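For reference, work-v1.tsv (TSV, C-alpha atoms):
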chain	number	residue	atom	x	y	z
A	1	MET	CA	-25.52	46.36	-4.94
A	2	SER	CA	-25.07	45.43	-8.57
A	3	SER	CA	-22.71	42.63	-9.50
A	4	PHE	CA	-21.33	44.85	-12.28
A	5	GLU	CA	-19.79	47.28	-9.84
A	6	GLN	CA	-16.62	46.76	-7.89
A	7	PRO	CA	-18.26	45.13	-4.83
A	8	VAL	CA	-16.16	46.77	-2.11
A	9	GLU	CA	-16.69	50.28	-3.48
A	10	ALA	CA	-20.37	49.50	-4.03
A	11	PHE	CA	-20.70	48.31	-0.43
A	12	MET	CA	-18.98	51.42	0.91
A	13	ALA	CA	-21.18	53.75	-1.13
A	14	SER	CA	-24.32	51.92	0.03
A	15	TYR	CA	-23.11	51.94	3.65
A	16	VAL	CA	-22.47	55.70	3.52
A	17	ALA	CA	-25.93	56.30	2.01
A	18	ALA	CA	-27.76	54.03	4.49
A	19	VAL	CA	-26.04	55.58	7.52
A	20	GLY	CA	-26.57	59.12	6.17
A	21	ALA	CA	-30.28	58.41	5.75
A	22	LYS	CA	-30.54	56.38	9.00
A	23	ASP	CA	-32.26	53.77	6.81
A	24	ILE	CA	-32.31	50.53	8.80
A	25	GLU	CA	-33.58	48.35	5.94
A	26	ALA	CA	-31.07	49.70	3.40
A	27	PHE	CA	-28.32	49.07	5.96
A	28	VAL	CA	-29.38	45.54	6.95
A	29	LYS	CA	-29.83	44.33	3.38
A	30	LEU	CA	-26.11	44.83	2.72
A	31	TYR	CA	-25.42	41.92	5.08
A	32	ALA	CA	-25.85	38.16	4.63
A	33	PRO	CA	-28.29	36.37	6.96
A	34	GLU	CA	-25.36	34.55	8.61
A	35	VAL	CA	-23.11	37.62	8.91
A	36	ARG	CA	-20.61	37.63	11.77
A	37	VAL	CA	-19.50	41.07	12.96
A	38	PHE	CA	-16.66	42.02	15.29
A	39	ASP	CA	-17.74	45.57	16.09
A	40	ALA	CA	-15.58	48.22	17.76
A	41	TRP	CA	-18.05	48.69	20.59
A	42	SER	CA	-19.59	46.98	23.58
A	43	GLN	CA	-19.65	43.27	22.80
A	44	GLN	CA	-17.45	40.47	21.51
A	45	GLU	CA	-19.47	39.78	18.37
A	46	TYR	CA	-22.80	39.93	16.58
A	47	ARG	CA	-23.95	36.73	14.90
A	48	GLY	CA	-26.57	36.93	12.19
A	49	GLN	CA	-28.60	39.65	10.52
A	50	ASP	CA	-31.11	39.87	13.38
A	51	ALA	CA	-28.45	40.66	15.98
A	52	TRP	CA	-26.93	43.19	13.60
A	53	ARG	CA	-30.34	44.73	12.88
A	54	ALA	CA	-30.83	45.23	16.63
A	55	MET	CA	-27.46	47.02	16.82
A	56	VAL	CA	-28.21	49.41	13.96
A	57	THR	CA	-31.77	50.04	15.17
A	58	HIS	CA	-30.32	51.11	18.51
A	59	TRP	CA	-27.56	53.18	16.85
A	60	PHE	CA	-29.82	55.10	14.48
A	61	GLY	CA	-32.46	55.48	17.21
A	62	SER	CA	-29.90	57.01	19.58
A	63	LEU	CA	-29.04	59.82	17.16
A	64	GLY	CA	-32.09	62.00	17.71
A	65	ASP	CA	-31.91	64.80	15.13
A	66	GLU	CA	-28.19	64.23	14.53
A	67	LYS	CA	-26.92	62.67	11.34
A	68	VAL	CA	-23.74	60.71	10.71
A	69	GLU	CA	-21.46	61.25	7.74
A	70	VAL	CA	-19.05	58.44	6.88
A	71	TYR	CA	-15.92	58.71	4.76
A	72	PHE	CA	-13.87	55.68	3.84
A	73	VAL	CA	-10.24	56.56	3.19
A	74	GLU	CA	-7.06	54.61	2.41
A	75	VAL	CA	-9.20	51.85	0.91
A	76	PHE	CA	-7.37	48.67	-0.02
A	77	SER	CA	-9.38	45.93	-1.74
A	78	THR	CA	-9.04	42.63	-3.55
A	79	VAL	CA	-11.86	41.00	-5.52
A	80	GLY	CA	-12.09	37.33	-6.50
A	81	GLU	CA	-14.80	35.35	-8.24
A	82	GLU	CA	-16.67	34.40	-5.07
A	83	LEU	CA	-15.08	36.54	-2.35
A	84	ALA	CA	-14.11	40.19	-2.06
A	85	PHE	CA	-12.34	41.97	0.74
A	86	GLY	CA	-11.72	45.58	1.67
A	87	ALA	CA	-9.77	47.30	4.42
A	88	ALA	CA	-10.01	51.01	5.09
A	89	LEU	CA	-10.13	53.72	7.67
A	90	ALA	CA	-13.71	54.87	8.26
A	91	ARG	CA	-14.25	58.38	9.56
A	92	PHE	CA	-17.61	58.93	11.27
A	93	THR	CA	-18.71	62.53	11.89
A	94	ALA	CA	-21.85	63.43	13.82
A	95	LEU	CA	-23.68	66.49	12.49
A	96	ASP	CA	-26.36	68.49	14.27
A	97	ALA	CA	-29.68	69.44	12.64
A	98	HIS	CA	-27.95	72.45	11.00
A	99	GLY	CA	-25.18	70.28	9.51
A	100	THR	CA	-22.52	71.44	11.97
A	101	ALA	CA	-19.93	68.84	12.86
A	102	LEU	CA	-20.18	67.84	16.54
A	103	ARG	CA	-17.54	65.09	16.85
A	104	SER	CA	-15.57	62.66	14.71
A	105	LEU	CA	-14.09	59.23	15.16
A	106	THR	CA	-11.91	57.11	12.88
A	107	ASN	CA	-12.18	53.30	12.97
A	108	ARG	CA	-10.16	50.58	11.30
A	109	PHE	CA	-12.70	48.84	9.04
A	110	THR	CA	-12.45	45.40	7.40
A	111	VAL	CA	-15.21	43.93	5.27
A	112	VAL	CA	-15.52	40.54	3.52
A	113	LEU	CA	-18.20	40.00	0.87
A	114	SER	CA	-19.45	36.78	-0.70
A	115	LYS	CA	-21.27	36.49	-4.02
A	116	ASN	CA	-24.73	35.03	-3.59
A	117	GLY	CA	-26.03	34.55	-7.14
A	118	ALA	CA	-25.65	37.97	-8.77
A	119	ARG	CA	-25.55	39.77	-5.43
A	120	TRP	CA	-22.62	40.55	-3.14
A	121	GLU	CA	-23.38	40.31	0.59
A	122	VAL	CA	-21.23	41.09	3.61
A	123	ILE	CA	-20.41	37.87	5.47
A	124	HIS	CA	-17.96	39.46	7.88
A	125	GLU	CA	-17.16	42.92	9.18
A	126	HIS	CA	-14.52	43.88	11.73
A	127	THR	CA	-14.18	47.41	13.07
A	128	SER	CA	-11.93	48.53	15.90
A	129	LEU	CA	-9.61	51.03	17.48
A	130	PRO	CA	-6.11	50.06	18.61
A	131	ILE	CA	-5.60	49.76	22.37
A	132	ASP	CA	-2.78	51.15	24.48
A	133	HIS	CA	-1.07	48.12	25.97
A	134	GLU	CA	-0.17	49.85	29.24
A	135	THR	CA	-3.48	51.50	30.05
A	136	GLY	CA	-6.01	49.26	28.27
A	137	THR	CA	-7.69	52.32	26.74
A	138	ALA	CA	-8.58	52.92	23.11
A	139	ILE	CA	-6.21	55.05	21.02
A	140	PHE	CA	-8.19	57.63	19.09
A	141	ALA	CA	-6.65	58.83	15.83
A	142	PRO	CA	-6.08	62.58	15.51
B	1	MET	CA	1.66	26.40	3.60
B	2	SER	CA	0.68	23.90	0.95
B	3	SER	CA	-2.01	24.82	-1.54
B	4	PHE	CA	-3.56	21.39	-0.98
B	5	GLU	CA	-4.57	22.20	2.56
B	6	GLN	CA	-7.49	24.34	3.58
B	7	PRO	CA	-5.60	27.65	3.65
B	8	VAL	CA	-7.20	29.18	6.73
B	9	GLU	CA	-6.61	26.09	8.87
B	10	ALA	CA	-3.09	25.80	7.46
B	11	PHE	CA	-2.38	29.44	8.33
B	12	MET	CA	-3.70	29.01	11.86
B	13	ALA	CA	-1.61	25.86	12.45
B	14	SER	CA	1.50	27.61	11.11
B	15	TYR	CA	0.80	30.71	13.22
B	16	VAL	CA	0.41	28.60	16.39
B	17	ALA	CA	3.67	26.77	15.64
B	18	ALA	CA	5.63	29.95	14.82
B	19	VAL	CA	4.43	31.78	17.95
B	20	GLY	CA	5.02	28.69	20.12
B	21	ALA	CA	8.60	28.46	18.83
B	22	LYS	CA	9.14	32.26	18.82
B	23	ASP	CA	10.37	31.72	15.25
B	24	ILE	CA	10.45	35.14	13.59
B	25	GLU	CA	11.19	33.84	10.07
B	26	ALA	CA	8.47	31.15	10.18
B	27	PHE	CA	6.03	33.84	11.37
B	28	VAL	CA	6.96	36.49	8.81
B	29	LYS	CA	6.84	34.14	5.82
B	30	LEU	CA	3.11	33.59	6.40
B	31	TYR	CA	2.54	37.19	5.30
B	32	ALA	CA	2.64	38.82	1.86
B	33	PRO	CA	5.24	41.58	1.27
B	34	GLU	CA	2.41	44.14	0.99
B	35	VAL	CA	0.44	42.90	4.04
B	36	ARG	CA	-1.64	45.47	5.90
B	37	VAL	CA	-2.35	44.68	9.55
B	38	PHE	CA	-4.79	46.30	11.93
B	39	ASP	CA	-3.37	44.97	15.20
B	40	ALA	CA	-5.10	45.09	18.58
B	41	TRP	CA	-2.26	47.02	20.17
B	42	SER	CA	-0.47	50.35	20.12
B	43	GLN	CA	-0.78	51.72	16.59
B	44	GLN	CA	-3.32	52.30	13.85
B	45	GLU	CA	-1.77	49.91	11.34
B	46	TYR	CA	1.31	48.10	10.08
B	47	ARG	CA	2.00	48.33	6.36
B	48	GLY	CA	4.24	45.76	4.75
B	49	GLN	CA	6.21	42.75	5.88
B	50	ASP	CA	9.11	44.84	7.26
B	51	ALA	CA	6.85	46.78	9.64
B	52	TRP	CA	5.23	43.51	10.69
B	53	ARG	CA	8.62	41.84	11.16
B	54	ALA	CA	9.62	44.66	13.50
B	55	MET	CA	6.44	44.11	15.54
B	56	VAL	CA	6.98	40.36	15.92
B	57	THR	CA	10.70	40.78	16.64
B	58	HIS	CA	9.76	43.11	19.49
B	59	TRP	CA	6.97	40.79	20.68
B	60	PHE	CA	9.04	37.59	20.75
B	61	GLY	CA	12.03	39.47	22.17
B	62	SER	CA	9.92	40.82	25.06
B	63	LEU	CA	8.95	37.33	26.23
B	64	GLY	CA	12.21	36.38	27.95
B	65	ASP	CA	11.88	32.71	28.92
B	66	GLU	CA	8.10	32.79	28.63
B	67	LYS	CA	6.31	31.05	25.79
B	68	VAL	CA	2.94	31.83	24.23
B	69	GLU	CA	0.35	29.20	23.40
B	70	VAL	CA	-2.35	30.19	20.90
B	71	TYR	CA	-5.70	28.49	20.41
B	72	PHE	CA	-8.08	29.51	17.65
B	73	VAL	CA	-11.68	28.75	18.51
B	74	GLU	CA	-15.06	29.38	16.87
B	75	VAL	CA	-13.33	29.46	13.49
B	76	PHE	CA	-15.49	30.55	10.56
B	77	SER	CA	-13.91	30.45	7.11
B	78	THR	CA	-14.72	30.74	3.41
B	79	VAL	CA	-12.32	29.78	0.65
B	80	GLY	CA	-12.47	30.95	-2.97
B	81	GLU	CA	-10.16	30.35	-5.90
B	82	GLU	CA	-7.96	33.38	-5.26
B	83	LEU	CA	-9.01	34.62	-1.82
B	84	ALA	CA	-9.69	32.96	1.52
B	85	PHE	CA	-10.95	34.46	4.72
B	86	GLY	CA	-11.18	33.33	8.32
B	87	ALA	CA	-12.64	34.84	11.48
B	88	ALA	CA	-12.05	33.35	14.90
B	89	LEU	CA	-11.41	34.05	18.53
B	90	ALA	CA	-7.71	33.66	19.34
B	91	ARG	CA	-6.76	32.80	22.90
B	92	PHE	CA	-3.18	33.71	23.82
B	93	THR	CA	-1.76	32.17	27.02
B	94	ALA	CA	1.67	33.08	28.39
B	95	LEU	CA	3.51	30.17	30.03
B	96	ASP	CA	6.54	30.38	32.29
B	97	ALA	CA	9.68	28.27	31.78
B	98	HIS	CA	7.97	25.38	33.65
B	99	GLY	CA	4.88	25.52	31.40
B	100	THR	CA	2.65	27.13	34.04
B	101	ALA	CA	0.02	29.49	32.66
B	102	LEU	CA	0.67	33.08	33.75
B	103	ARG	CA	-2.08	35.04	31.97
B	104	SER	CA	-4.50	34.71	29.05
B	105	LEU	CA	-6.14	37.04	26.60
B	106	THR	CA	-8.74	36.45	23.90
B	107	ASN	CA	-8.73	38.57	20.72
B	108	ARG	CA	-11.13	38.78	17.82
B	109	PHE	CA	-9.04	37.64	14.83
B	110	THR	CA	-9.74	38.17	11.12
B	111	VAL	CA	-7.39	36.98	8.39
B	112	VAL	CA	-7.54	37.34	4.59
B	113	LEU	CA	-5.28	35.22	2.38
B	114	SER	CA	-4.48	35.56	-1.30
B	115	LYS	CA	-3.12	32.82	-3.54
B	116	ASN	CA	0.26	33.71	-4.99
B	117	GLY	CA	1.05	30.91	-7.45
B	118	ALA	CA	0.71	27.72	-5.39
B	119	ARG	CA	1.16	29.55	-2.11
B	120	TRP	CA	-1.38	31.25	0.15
B	121	GLU	CA	-0.16	34.44	1.84
B	122	VAL	CA	-1.84	36.71	4.37
B	123	ILE	CA	-2.64	40.06	2.76
B	124	HIS	CA	-4.65	41.40	5.70
B	125	GLU	CA	-5.02	40.68	9.39
B	126	HIS	CA	-7.23	42.47	11.88
B	127	THR	CA	-7.15	41.70	15.60
B	128	SER	CA	-8.92	43.62	18.33
B	129	LEU	CA	-10.84	43.75	21.56
B	130	PRO	CA	-14.22	45.47	21.80
B	131	ILE	CA	-14.27	48.81	23.63
B	132	ASP	CA	-16.69	50.03	26.28
B	133	HIS	CA	-18.42	53.05	24.75
B	134	GLU	CA	-18.76	54.89	28.04
B	135	THR	CA	-15.26	54.46	29.43
B	136	GLY	CA	-13.14	53.99	26.29
B	137	THR	CA	-11.46	50.94	27.81
B	138	ALA	CA	-11.01	47.50	26.28
B	139	ILE	CA	-13.47	44.77	27.26
B	140	PHE	CA	-11.56	41.61	28.15
B	141	ALA	CA	-13.44	38.36	27.58
B	142	PRO	CA	-13.78	36.07	30.61
Would you write the structure of this file as structure tokens?
Amino acid sequence: MSSFEQPVEAFMASYVAAVGAKDIEAFVKLYAPEVRVFDAWSQQEYRGQDAWRAMVTHWFGSLGDEKVEVYFVEVFSTVGEELAFGAALARFTALDAHGTALRSLTNRFTVVLSKNGARWEVIHEHTSLPIDHETGTAIFAP
Amino acid sequence: MSSFEQPVEAFMASYVAAVGAKDIEAFVKLYAPEVRVFDAWSQQEYRGQDAWRAMVTHWFGSLGDEKVEVYFVEVFSTVGEELAFGAALARFTALDAHGTALRSLTNRFTVVLSKNGARWEVIHEHTSLPIDHETGTAIFAP
């Protein structure tokens, strides 16, 4: 990411490209070595780039010949000198080898970036779905 | 909150006090008018202080003679000139009128604060539990 771009938009564009290409290195380099992620799925948190690399390696590896398109919508961001933050809804759509949509899921997505020299890096990411208080199950957006 | 304190710690202390006292006004004034909250429960998001006030009014009103103790642990924060961010695990414990613990729940908790003059206000909060990918149910920490 260039420091001349709005860092939240630049992150989102790079995230979309890395996921679309299933490019592990392009994905991991968006994150700081000490990144702490609260991910929507499976475990309480991921601490550090290596843990996060293992997650994305598993994710991309599980896709077979599917691809994943991501759209960030309703983006809200604030940028300071040293810190930037964005909140959005992220819509993930799995496509088969012919580009046909198989399934979609919308997450709440929060990202915090820190400026490291000229470069913005993600130091925190939090994605989730809301939970129904009565049943304890995730509420999937329409 | 005073601008002379570390804003994330000051927010957390004020949050603990407001929840402990079930003080709606003390709670609401921690948040900016335009706050956007991704809450762990029930709905995709809350936009603005009025929506958030309605949530907390319902929450505190539902407690009867119970009280809620909050502990923030594993706090990770970064403070800039205009923006501050904190990530933590928040443990909520419901106590009966005699102070006996009834039940506990740990959330992932992210908060972003913006400096408005001399005052730090929460512009974004994101709380959640991770979800089991197979079953779609929330994973409760031990």
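If all atoms listed in the file are the atoms counted, then among B:Ile24, B:Leu102, B:Ala13, B:Leu89 the closest residue to chain A is B:Leu89.
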Exercise for the section: Quote the spacing between CA of Ala88 in chain A and CA of Val75 in chain A in Å to one decimal place. Expected result: 4.3 Å
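Here CA of Phe72 in chain A and CA of Gly20 in chain A stand 13.4 Å from one another.
Nearest residue to chain A among B:Val35, B:Leu63, B:Ala101, B:Ala51 is B:Val35, counting only C-alpha atoms.
The residues that lie within 12 Å of the point (10.7, 36.5, 26.9), counting all atoms listed in the file, are Val19, Gly20, Ala21, Lys22, Thr57, His58, Trp59, Phe60, Gly61, Ser62, Leu63, Gly64, Asp65, Glu66, Lys67, Val68, Ala94, Leu95, Asp96 and Ala97 of chain B.
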Once you have the residues from the selection above, write them out as a PDB file, keeping the file's coordinate frame, restricted to C-alpha atoms.
ATOM      1  CA  VAL B  19       4.430  31.780  17.950  1.00  0.00           C
ATOM      2  CA  GLY B  20       5.020  28.690  20.120  1.00  0.00           C
ATOM      3  CA  ALA B  21       8.600  28.460  18.830  1.00  0.00           C
ATOM      4  CA  LYS B  22       9.140  32.260  18.820  1.00  0.00           C
ATOM      5  CA  THR B  57      10.700  40.780  16.640  1.00  0.00           C
ATOM      6  CA  HIS B  58       9.760  43.110  19.490  1.00  0.00           C
ATOM      7  CA  TRP B  59       6.970  40.790  20.680  1.00  0.00           C
ATOM      8  CA  PHE B  60       9.040  37.590  20.750  1.00  0.00           C
ATOM      9  CA  GLY B  61      12.030  39.470  22.170  1.00  0.00           C
ATOM     10  CA  SER B  62       9.920  40.820  25.060  1.00  0.00           C
ATOM     11  CA  LEU B  63       8.950  37.330  26.230  1.00  0.00           C
ATOM     12  CA  GLY B  64      12.210  36.380  27.950  1.00  0.00           C
ATOM     13  CA  ASP B  65      11.880  32.710  28.920  1.00  0.00           C
ATOM     14  CA  GLU B  66       8.100  32.790  28.630  1.00  0.00           C
ATOM     15  CA  LYS B  67       6.310  31.050  25.790  1.00  0.00           C
ATOM     16  CA  VAL B  68       2.940  31.830  24.230  1.00  0.00           C
ATOM     17  CA  ALA B  94       1.670  33.080  28.390  1.00  0.00           C
ATOM     18  CA  LEU B  95       3.510  30.170  30.030  1.00  0.00           C
ATOM     19  CA  ASP B  96       6.540  30.380  32.290  1.00  0.00           C
ATOM     20  CA  ALA B  97       9.680  28.270  31.780  1.00  0.00           C
TER      21      ALA B  97
END
Practice task
Do me a favour and pick out the residues of chain B within 7 Å of chain A, using only C-alpha atoms, as JSON, numbers by chain.
Solution key: {"B": [38, 39, 40, 41, 42, 43, 44, 80, 82, 83, 108, 128, 130, 131, 132, 133, 136, 137, 138]}
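Atom to atom, CA of Val70 in chain A and CA of Phe27 in chain A stand 13.2 Å apart.
At a cut-off of 6 Å from (-33.8, 45.1, 9.4), the residue set is Ile24, Glu25, Val28 and Arg53 of chain A (counting only C-alpha atoms).
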Exercise for the section: Rank B:Val8, B:Asp50, B:Met55, B:Glu74 by their smallest atom-to-atom distance to Pro33 in chain B, using only C-alpha atoms, and report the top residue only. Expected result: B:Asp50
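Using all atoms listed in the file, the nearest neighbour of Ala10 in chain A within the list A:Ala90, A:Trp52, A:Asp23, A:Leu30 is A:Leu30.
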To box range 31-45 of chain B, take all atoms listed in the file, fit an axis-aligned box, add 8 Å on each side, and give centre and edge lengths in Å to one decimal, as JSON.
{"center_x": 0.1, "center_y": 44.7, "center_z": 10.6, "size_x": 26.3, "size_y": 31.1, "size_z": 35.2}
Keeping just C-alpha atoms, export range 4-54 of chain B of this structure as a PDB file, in the first residue's frame.
ATOM      1  CA  PHE B   4      -4.633  13.711  30.197  1.00  0.00           C
ATOM      2  CA  GLU B   5      -5.350  10.055  30.805  1.00  0.00           C
ATOM      3  CA  GLN B   6      -4.559   7.238  28.449  1.00  0.00           C
ATOM      4  CA  PRO B   7      -7.866   7.299  26.556  1.00  0.00           C
ATOM      5  CA  VAL B   8      -8.377   3.557  26.151  1.00  0.00           C
ATOM      6  CA  GLU B   9      -7.785   2.826  29.840  1.00  0.00           C
ATOM      7  CA  ALA B  10      -9.947   5.814  30.768  1.00  0.00           C
ATOM      8  CA  PHE B  11     -12.759   4.543  28.539  1.00  0.00           C
ATOM      9  CA  MET B  12     -12.557   1.052  30.015  1.00  0.00           C
ATOM     10  CA  ALA B  13     -12.632   2.370  33.600  1.00  0.00           C
ATOM     11  CA  SER B  14     -15.623   4.589  32.772  1.00  0.00           C
ATOM     12  CA  TYR B  15     -17.405   1.720  31.010  1.00  0.00           C
ATOM     13  CA  VAL B  16     -16.894  -0.596  34.008  1.00  0.00           C
ATOM     14  CA  ALA B  17     -18.214   2.097  36.372  1.00  0.00           C
ATOM     15  CA  ALA B  18     -21.239   2.963  34.208  1.00  0.00           C
ATOM     16  CA  VAL B  19     -22.246  -0.689  33.740  1.00  0.00           C
ATOM     17  CA  GLY B  20     -21.666  -1.448  37.438  1.00  0.00           C
ATOM     18  CA  ALA B  21     -23.944   1.453  38.401  1.00  0.00           C
ATOM     19  CA  LYS B  22     -26.445   0.786  35.564  1.00  0.00           C
ATOM     20  CA  ASP B  23     -26.035   4.498  34.813  1.00  0.00           C
ATOM     21  CA  ILE B  24     -27.478   5.087  31.341  1.00  0.00           C
ATOM     22  CA  GLU B  25     -26.287   8.705  31.032  1.00  0.00           C
ATOM     23  CA  ALA B  26     -22.726   7.929  32.185  1.00  0.00           C
ATOM     24  CA  PHE B  27     -22.654   5.075  29.654  1.00  0.00           C
ATOM     25  CA  VAL B  28     -24.067   7.011  26.709  1.00  0.00           C
ATOM     26  CA  LYS B  29     -21.784  10.021  27.153  1.00  0.00           C
ATOM     27  CA  LEU B  30     -18.740   7.839  26.431  1.00  0.00           C
ATOM     28  CA  TYR B  31     -19.942   7.583  22.828  1.00  0.00           C
ATOM     29  CA  ALA B  32     -19.890  10.098  19.964  1.00  0.00           C
ATOM     30  CA  PRO B  33     -23.250  11.193  18.485  1.00  0.00           C
ATOM     31  CA  GLU B  34     -22.370   9.395  15.229  1.00  0.00           C
ATOM     32  CA  VAL B  35     -21.063   6.183  16.875  1.00  0.00           C
ATOM     33  CA  ARG B  36     -21.400   2.974  14.888  1.00  0.00           C
ATOM     34  CA  VAL B  37     -21.512  -0.222  16.944  1.00  0.00           C
ATOM     35  CA  PHE B  38     -21.208  -3.819  15.812  1.00  0.00           C
ATOM     36  CA  ASP B  39     -22.569  -5.508  18.934  1.00  0.00           C
ATOM     37  CA  ALA B  40     -22.293  -9.212  19.740  1.00  0.00           C
ATOM     38  CA  TRP B  41     -26.047  -9.618  20.025  1.00  0.00           C
ATOM     39  CA  SER B  42     -29.259  -9.510  18.030  1.00  0.00           C
ATOM     40  CA  GLN B  43     -28.709  -7.058  15.187  1.00  0.00           C
ATOM     41  CA  GLN B  44     -26.224  -6.168  12.475  1.00  0.00           C
ATOM     42  CA  GLU B  45     -25.366  -2.727  13.817  1.00  0.00           C
ATOM     43  CA  TYR B  46     -26.400   0.291  15.861  1.00  0.00           C
ATOM     44  CA  ARG B  47     -25.955   3.683  14.207  1.00  0.00           C
ATOM     45  CA  GLY B  48     -25.810   6.764  16.381  1.00  0.00           C
ATOM     46  CA  GLN B  49     -26.034   7.540  20.064  1.00  0.00           C
ATOM     47  CA  ASP B  50     -29.854   7.305  20.139  1.00  0.00           C
ATOM     48  CA  ALA B  51     -29.872   3.728  18.835  1.00  0.00           C
ATOM     49  CA  TRP B  52     -27.123   2.856  21.306  1.00  0.00           C
ATOM     50  CA  ARG B  53     -28.993   4.551  24.158  1.00  0.00           C
ATOM     51  CA  ALA B  54     -32.032   2.393  23.375  1.00  0.00           C
TER      52      ALA B  54
END
